[in-house]
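Shown next: entry.csv, containing CSV, C-alpha atoms and all ligand atoms.
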```csv
chain,number,residue,atom,x,y,z
A,1,MET,CA,-43.3,19.2,-24.3
A,2,ASN,CA,-41.5,19.9,-21.1
A,3,GLU,CA,-38.0,18.7,-21.1
A,4,ARG,CA,-37.1,17.3,-17.7
A,5,LYS,CA,-33.5,17.2,-16.6
A,6,PHE,CA,-32.5,14.3,-14.4
A,7,LEU,CA,-29.5,15.1,-12.2
A,8,VAL,CA,-27.4,12.0,-11.6
A,9,SER,CA,-24.8,12.7,-8.9
A,10,ALA,CA,-21.3,11.5,-9.9
A,11,PRO,CA,-19.7,9.0,-7.5
A,12,PRO,CA,-17.3,10.8,-5.2
A,13,LYS,CA,-13.7,10.9,-6.3
A,14,PRO,CA,-11.1,9.0,-4.3
A,15,SER,CA,-8.5,11.2,-2.7
A,16,ILE,CA,-5.1,10.1,-1.5
A,17,ARG,CA,-3.7,11.5,1.8
A,18,PRO,CA,-1.3,10.6,4.5
A,19,ALA,CA,-2.8,8.2,7.1
A,20,ARG,CA,-3.8,9.6,10.5
A,21,ILE,CA,-3.8,7.7,13.8
A,22,SER,CA,-7.6,7.8,13.7
A,23,ASP,CA,-7.4,5.6,10.5
A,24,LEU,CA,-5.8,2.8,12.5
A,25,ALA,CA,-8.8,0.5,12.7
A,26,ASP,CA,-9.6,0.8,9.0
A,27,LEU,CA,-5.9,0.2,8.1
A,28,VAL,CA,-5.7,-2.9,10.3
A,29,ASP,CA,-8.9,-4.2,8.7
A,30,LEU,CA,-7.4,-3.6,5.2
A,31,LEU,CA,-4.2,-5.5,6.3
A,32,CYS,CA,-6.3,-8.4,7.5
A,33,GLN,CA,-7.8,-8.5,4.0
A,34,LEU,CA,-4.3,-8.5,2.5
A,35,PHE,CA,-2.9,-11.2,4.7
A,36,THR,CA,-5.9,-13.4,3.9
A,37,ILE,CA,-4.5,-13.4,0.3
A,38,GLU,CA,-0.8,-13.5,1.3
A,39,THR,CA,-0.9,-16.6,3.4
A,40,ASP,CA,2.9,-16.5,4.3
A,41,PHE,CA,1.8,-13.9,6.8
A,42,ILE,CA,-0.3,-14.6,10.0
A,43,ILE,CA,-3.2,-12.3,10.8
A,44,ASP,CA,-2.6,-10.6,14.1
A,45,PRO,CA,-4.4,-7.2,14.4
A,46,SER,CA,-2.5,-6.0,17.4
A,47,ARG,CA,0.9,-6.6,15.7
A,48,HIS,CA,-0.4,-4.9,12.5
A,49,ALA,CA,-1.6,-1.9,14.6
A,50,ARG,CA,1.9,-1.7,16.3
A,51,GLY,CA,3.6,-1.9,12.9
A,52,LEU,CA,1.4,0.9,11.5
A,53,ARG,CA,2.2,3.1,14.5
A,54,LEU,CA,6.0,2.5,14.0
A,55,LEU,CA,5.6,3.3,10.3
A,56,MET,CA,3.7,6.5,11.1
A,57,ARG,CA,6.6,7.5,13.5
A,58,HIS,CA,9.0,6.9,10.6
A,59,ALA,CA,6.7,8.9,8.3
A,60,ARG,CA,7.2,11.9,10.6
A,61,ARG,CA,11.0,11.5,10.1
A,62,GLY,CA,10.6,11.4,6.3
A,63,THR,CA,11.8,7.9,5.9
A,64,ALA,CA,8.4,6.3,5.3
A,65,ALA,CA,4.9,7.1,4.1
A,66,VAL,CA,1.6,5.6,5.0
A,67,LEU,CA,-1.0,6.7,2.5
A,68,VAL,CA,-4.8,6.0,2.4
A,69,ALA,CA,-7.4,6.3,-0.4
A,70,GLN,CA,-10.6,7.9,0.9
A,71,VAL,CA,-14.0,8.0,-0.9
A,72,GLY,CA,-16.5,10.2,0.9
A,73,GLU,CA,-16.0,9.3,4.6
A,74,ASP,CA,-14.6,5.8,3.8
A,75,VAL,CA,-11.0,4.6,3.8
A,76,VAL,CA,-11.0,2.2,0.8
A,77,GLY,CA,-7.3,1.5,0.3
A,78,MET,CA,-3.8,1.9,1.6
A,79,VAL,CA,-0.2,1.6,0.8
A,80,THR,CA,3.1,2.0,2.7
A,81,VAL,CA,6.6,2.7,1.5
A,82,GLN,CA,9.8,3.0,3.5
A,83,THR,CA,13.4,3.6,2.5
A,84,VAL,CA,16.6,1.5,2.8
A,85,ILE,CA,20.1,2.5,1.7
A,86,SER,CA,21.2,0.5,-1.4
A,87,THR,CA,24.9,0.1,-1.8
A,88,ALA,CA,24.2,-1.1,-5.4
A,89,GLU,CA,22.4,2.1,-6.2
A,90,GLY,CA,24.5,4.3,-4.0
A,91,ALA,CA,21.2,5.9,-2.9
A,92,ARG,CA,18.0,5.2,-1.1
A,93,SER,CA,15.6,2.6,-2.4
A,94,GLY,CA,11.9,2.4,-1.5
A,95,TRP,CA,10.2,-0.8,-0.3
A,96,ILE,CA,6.6,-0.7,-1.1
A,97,GLU,CA,4.4,-2.8,1.2
A,98,ASP,CA,0.8,-3.3,2.2
A,99,LEU,CA,-0.9,-2.1,-1.0
A,100,VAL,CA,-4.5,-3.1,-0.7
A,101,VAL,CA,-7.8,-1.8,-2.1
A,102,ARG,CA,-11.0,-2.8,-0.2
A,103,ASP,CA,-12.9,-5.6,-1.9
A,104,GLY,CA,-15.7,-4.0,-4.0
A,105,TRP,CA,-13.6,-0.9,-4.9
A,106,ARG,CA,-11.0,-2.8,-6.9
A,107,ARG,CA,-10.5,-2.2,-10.6
A,108,SER,CA,-11.6,1.4,-10.4
A,109,GLY,CA,-8.2,3.0,-10.5
A,110,ILE,CA,-7.6,3.4,-6.8
A,111,GLY,CA,-4.6,1.1,-6.6
A,112,SER,CA,-3.1,3.2,-9.5
A,113,LEU,CA,-3.7,6.4,-7.7
A,114,LEU,CA,-2.0,5.1,-4.5
A,115,MET,CA,1.0,4.0,-6.6
A,116,ASP,CA,1.2,7.3,-8.4
A,117,GLU,CA,1.4,9.0,-5.0
A,118,VAL,CA,4.1,6.6,-3.8
A,119,GLU,CA,6.1,7.3,-6.9
A,120,HIS,CA,5.7,11.0,-6.2
A,121,TRP,CA,6.8,10.6,-2.6
A,122,ALA,CA,9.8,8.5,-3.7
A,123,ARG,CA,11.0,11.1,-6.2
A,124,ASP,CA,10.9,13.8,-3.5
A,125,ALA,CA,12.7,11.5,-1.0
A,126,GLY,CA,15.6,10.9,-3.5
A,127,VAL,CA,14.7,7.3,-4.0
A,128,THR,CA,16.2,5.8,-7.2
A,129,ARG,CA,14.6,2.4,-7.2
A,130,LEU,CA,11.2,1.1,-6.0
A,131,GLN,CA,10.9,-2.6,-5.0
A,132,LEU,CA,8.3,-4.9,-3.5
A,133,LEU,CA,7.5,-8.5,-2.8
A,134,ALA,CA,4.4,-10.1,-4.2
A,135,ASP,CA,2.9,-13.5,-3.6
A,136,ASN,CA,3.6,-15.5,-6.8
A,137,ARG,CA,0.1,-17.0,-6.7
A,138,ASN,CA,-1.5,-13.5,-6.7
A,139,LYS,CA,-2.2,-13.0,-10.4
A,140,PRO,CA,-4.2,-9.8,-10.1
A,141,ALA,CA,-1.4,-8.1,-8.2
A,142,LEU,CA,1.2,-9.5,-10.6
A,143,ASP,CA,-0.8,-8.2,-13.5
A,144,PHE,CA,-1.2,-4.8,-11.8
A,145,TYR,CA,2.6,-4.4,-11.1
A,146,ASN,CA,3.5,-5.7,-14.6
A,147,ARG,CA,1.2,-3.0,-16.0
A,148,ARG,CA,3.1,-0.4,-14.0
A,149,GLY,CA,6.5,-1.5,-15.3
A,150,PHE,CA,7.7,-3.7,-12.4
A,151,SER,CA,9.7,-6.8,-13.5
A,152,ARG,CA,11.0,-9.9,-11.8
A,153,ASN,CA,14.7,-10.4,-11.2
A,154,HIS,CA,16.8,-13.4,-10.0
A,155,MET,CA,16.6,-12.6,-6.3
A,156,VAL,CA,14.5,-14.7,-4.0
A,157,PHE,CA,13.2,-13.8,-0.6
A,158,LEU,CA,14.7,-15.8,2.4
A,159,ARG,CA,13.8,-15.2,6.0
A,160,ARG,CA,14.4,-16.4,9.5
A,161,ALA,CA,12.9,-15.1,12.7
A,162,SER,CA,15.3,-13.2,14.9
A,163,GLU,CA,15.6,-13.8,18.6
A,164,HIS,CA,16.5,-10.2,19.2
A,165,LYS,CA,13.9,-7.6,20.0
A,166,ASP,CA,13.6,-4.3,18.2
A,167,PRO,CA,14.4,-1.7,20.9
A,168,ASP,CA,11.8,0.6,19.2
A,169,CYS,CA,9.2,-1.9,20.2
A,170,ASP,CA,9.9,-1.3,23.9
A,171,ARG,CA,8.9,2.3,23.6
A,172,SER,CA,5.4,3.6,23.3
A,173,VAL,CA,4.6,4.2,19.6
A,174,ASP,CA,1.8,6.8,19.8
B,1,LIG,C1,-3.7,-5.3,-6.6
B,1,LIG,C2,-4.7,-4.2,-6.3
B,1,LIG,C3,-4.1,-3.3,-5.2
B,1,LIG,C4,-4.9,-3.4,-7.6
B,1,LIG,O1,-5.7,-2.2,-7.2
B,1,LIG,P1,-6.9,-1.7,-8.1
B,1,LIG,O2,-7.4,-0.5,-7.6
B,1,LIG,O3,-7.9,-2.9,-8.2
B,1,LIG,O4,-6.1,-1.6,-9.5
B,1,LIG,P2,-6.5,-0.5,-10.7
B,1,LIG,O5,-7.9,-0.4,-10.9
B,1,LIG,O6,-5.7,0.8,-10.5
B,1,LIG,O7,-5.9,-1.3,-12.0
B,1,LIG,C5,-4.9,-0.8,-12.9
B,1,LIG,C6,-4.5,-1.8,-13.9
B,1,LIG,O8,-3.9,-3.0,-13.2
B,1,LIG,C7,-4.3,-4.2,-13.9
B,1,LIG,N1,-5.2,-5.0,-13.0
B,1,LIG,C8,-5.7,-4.6,-11.8
B,1,LIG,N2,-6.4,-5.6,-11.2
B,1,LIG,C9,-6.3,-6.6,-12.1
B,1,LIG,C10,-6.9,-7.9,-12.1
B,1,LIG,N3,-7.7,-8.3,-11.1
B,1,LIG,N4,-6.7,-8.7,-13.1
B,1,LIG,C11,-5.9,-8.3,-14.2
B,1,LIG,N5,-5.3,-7.1,-14.2
B,1,LIG,C12,-5.5,-6.2,-13.2
B,1,LIG,C13,-5.1,-3.7,-15.1
B,1,LIG,O9,-4.3,-3.6,-16.2
B,1,LIG,C14,-5.7,-2.4,-14.6
B,1,LIG,O10,-6.1,-1.5,-15.6
B,1,LIG,P3,-7.6,-1.7,-16.3
B,1,LIG,O11,-8.6,-1.8,-15.2
B,1,LIG,O12,-7.7,-0.4,-17.1
B,1,LIG,O13,-7.5,-3.0,-17.2
B,1,LIG,C15,-6.0,-4.7,-5.8
B,1,LIG,O14,-6.5,-5.7,-6.7
B,1,LIG,C16,-6.0,-5.4,-4.4
B,1,LIG,O15,-6.2,-4.7,-3.4
B,1,LIG,N6,-5.8,-6.7,-4.3
B,1,LIG,C17,-5.8,-7.4,-3.1
B,1,LIG,C18,-4.6,-7.0,-2.2
B,1,LIG,C19,-3.3,-7.3,-3.0
B,1,LIG,O16,-3.2,-8.4,-3.7
B,1,LIG,N7,-2.3,-6.4,-2.9
B,1,LIG,C20,-1.1,-6.5,-3.6
B,1,LIG,C21,-0.1,-7.1,-2.6
B,1,LIG,S1,1.5,-7.3,-3.3
```

Using structure tokens, write down the structure from this file.
Ligand SMILES: CC(C)(COP(=O)(O)OP(=O)(O)OC[C@H]1O[C@@H](n2cnc3c(N)ncnc32)[C@H](O)[C@@H]1OP(=O)(O)O)[C@@H](O)C(=O)NCCC(=O)NCCS
Amino acid sequence: MNERKFLVSAPPKPSIRPARISDLADLVDLLCQLFTIETDFIIDPSRHARGLRLLMRHARRGTAAVLVAQVGEDVVGMVTVQTVISTAEGARSGWIEDLVVRDGWRRSGIGSLLMDEVEHWARDAGVTRLQLLADNRNKPALDFYNRRGFSRNHMVFLRRASEHKDPDCDRSVD
């Protein structure tokens, strides 16, 4: 009897890389998905695009990273991280923001790969603490971060809009 071999192609592996300006539309789309969940934030694609361009500028200076997960030709996830100086730590801390995996690609390890890369970047940048804000109604995200060793503390997030403009926003951010 002839043995027939069926070749089943494995699904392409996700790769993590720094974002390029050509990813902007995909990244804005991912942020819109994220802010549909985090309803404290208003969806405004032009502001998100501006914020991403500013972050990419900081990434070139080494004080931020914008990372994407790519499968085949598709951008299926993103995360951003930026540094602040912590007097408590006496060192730089990393703020993680905008972690989102495209719906349909979740629960297949892509969020973990993005966070592994953030942690790698943070070590290289001399960051001694990583921190983030999460919506307290977003159980999947809280479970995800809990699994990665993040814990709550006693601090709460307060905010007020500022009347002052960021001078960086007056300049072109290409
Ligand atoms: C949160 C998010 C980024 C996680 O990314 P992901 O690629 O789905 O996560 P992973 O597949 O790497 O999951 C790793 C582990 O986290 C936990 N986890 C992830 N999603 C979970 C869920 N929906 N429910 C419970 N635990 C979950 C599990 O322990 C999981 O391991 P397991 O699959 O072996 O059980 C993704 O769900 C997402 O994009 N959500 C919408 C946007 C969002 O809420 N972002 C966070 C903003 S603070």

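Comparing A:Ala69, A:Leu114, A:Val101, A:Leu24 by their smallest distance to ligand LIG 1 (chain B), the closest is A:Val101 (using all atoms listed in the file).
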
Sort by chain and increasing residue number a table of all residues of chain A within 6 Å of ligand LIG 1 (chain B), each with its closest pair of atoms and their distance in Å to one decimal, counting all atoms listed in the file, and write it as JSON lines.
```
{"residue": "A:Leu34", "atom": "CA", "partner": "B:LIG1", "partner_atom": "C18", "distance": 4.9}
{"residue": "A:Leu99", "atom": "CA", "partner": "B:LIG1", "partner_atom": "N7", "distance": 4.9}
{"residue": "A:Val100", "atom": "CA", "partner": "B:LIG1", "partner_atom": "O15", "distance": 3.6}
{"residue": "A:Val101", "atom": "CA", "partner": "B:LIG1", "partner_atom": "O15", "distance": 3.6}
{"residue": "A:Arg106", "atom": "CA", "partner": "B:LIG1", "partner_atom": "O3", "distance": 3.4}
{"residue": "A:Arg107", "atom": "CA", "partner": "B:LIG1", "partner_atom": "O5", "distance": 3.2}
{"residue": "A:Ser108", "atom": "CA", "partner": "B:LIG1", "partner_atom": "O5", "distance": 4.1}
{"residue": "A:Gly109", "atom": "CA", "partner": "B:LIG1", "partner_atom": "O6", "distance": 3.3}
{"residue": "A:Ile110", "atom": "CA", "partner": "B:LIG1", "partner_atom": "O2", "distance": 4.0}
{"residue": "A:Gly111", "atom": "CA", "partner": "B:LIG1", "partner_atom": "O2", "distance": 3.4}
{"residue": "A:Ser112", "atom": "CA", "partner": "B:LIG1", "partner_atom": "O6", "distance": 3.7}
{"residue": "A:Ala134", "atom": "CA", "partner": "B:LIG1", "partner_atom": "S1", "distance": 4.1}
{"residue": "A:Pro140", "atom": "CA", "partner": "B:LIG1", "partner_atom": "C10", "distance": 3.9}
{"residue": "A:Ala141", "atom": "CA", "partner": "B:LIG1", "partner_atom": "C1", "distance": 4.0}
{"residue": "A:Asp143", "atom": "CA", "partner": "B:LIG1", "partner_atom": "N5", "distance": 4.7}
{"residue": "A:Phe144", "atom": "CA", "partner": "B:LIG1", "partner_atom": "O8", "distance": 3.5}
{"residue": "A:Arg147", "atom": "CA", "partner": "B:LIG1", "partner_atom": "O9", "distance": 5.5}
```

Practice prompt. Rank A:Pro14, A:Gly62, A:Gly104, A:Gly51 by their smallest atom-to-atom distance to Val75 of chain A, using all atoms listed in the file, and report the top residue only.
Written response: A:Pro14

Worksheet item: Expressed in Å to a single decimal, how great is the separation between atom CA of Ile96 of chain A and atom CA of Thr80 of chain A?
Response: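 Going from atom CA of Ile96 of chain A over to atom CA of Thr80 of chain A covers 5.8 Å.
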
Discussion item. Env of Leu133 of chain A: 10 Å cut, atoms = all atoms listed in the file, seq-sep filter 3 positions within chain, self excluded. Answer as a PyMOL selection string.
Written reply: chain A and resi 95-98+136+152+156-157

Discussion item. Between atom CA of Met78 of chain A and atom CA of His154 of chain A, what is the distance in Å, rounded to a tenth?
Written reply: 28.2 Å

Worksheet item: If you measure from atom CA of Asp44 of chain A to atom CA of Asp116 of chain A, what distance in Å do you get, rounded to one decimal?
Response: 29.0 Å

Discussion item. For a quick check of understanding, using all atoms listed in the file, which of A:Arg129, A:Trp105, A:Leu55, A:Arg60 has the smallest distance to Ala88 of chain A?
Written reply: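 Looking at the shortest contact to Ala88 of chain A, the residue is A:Arg129.
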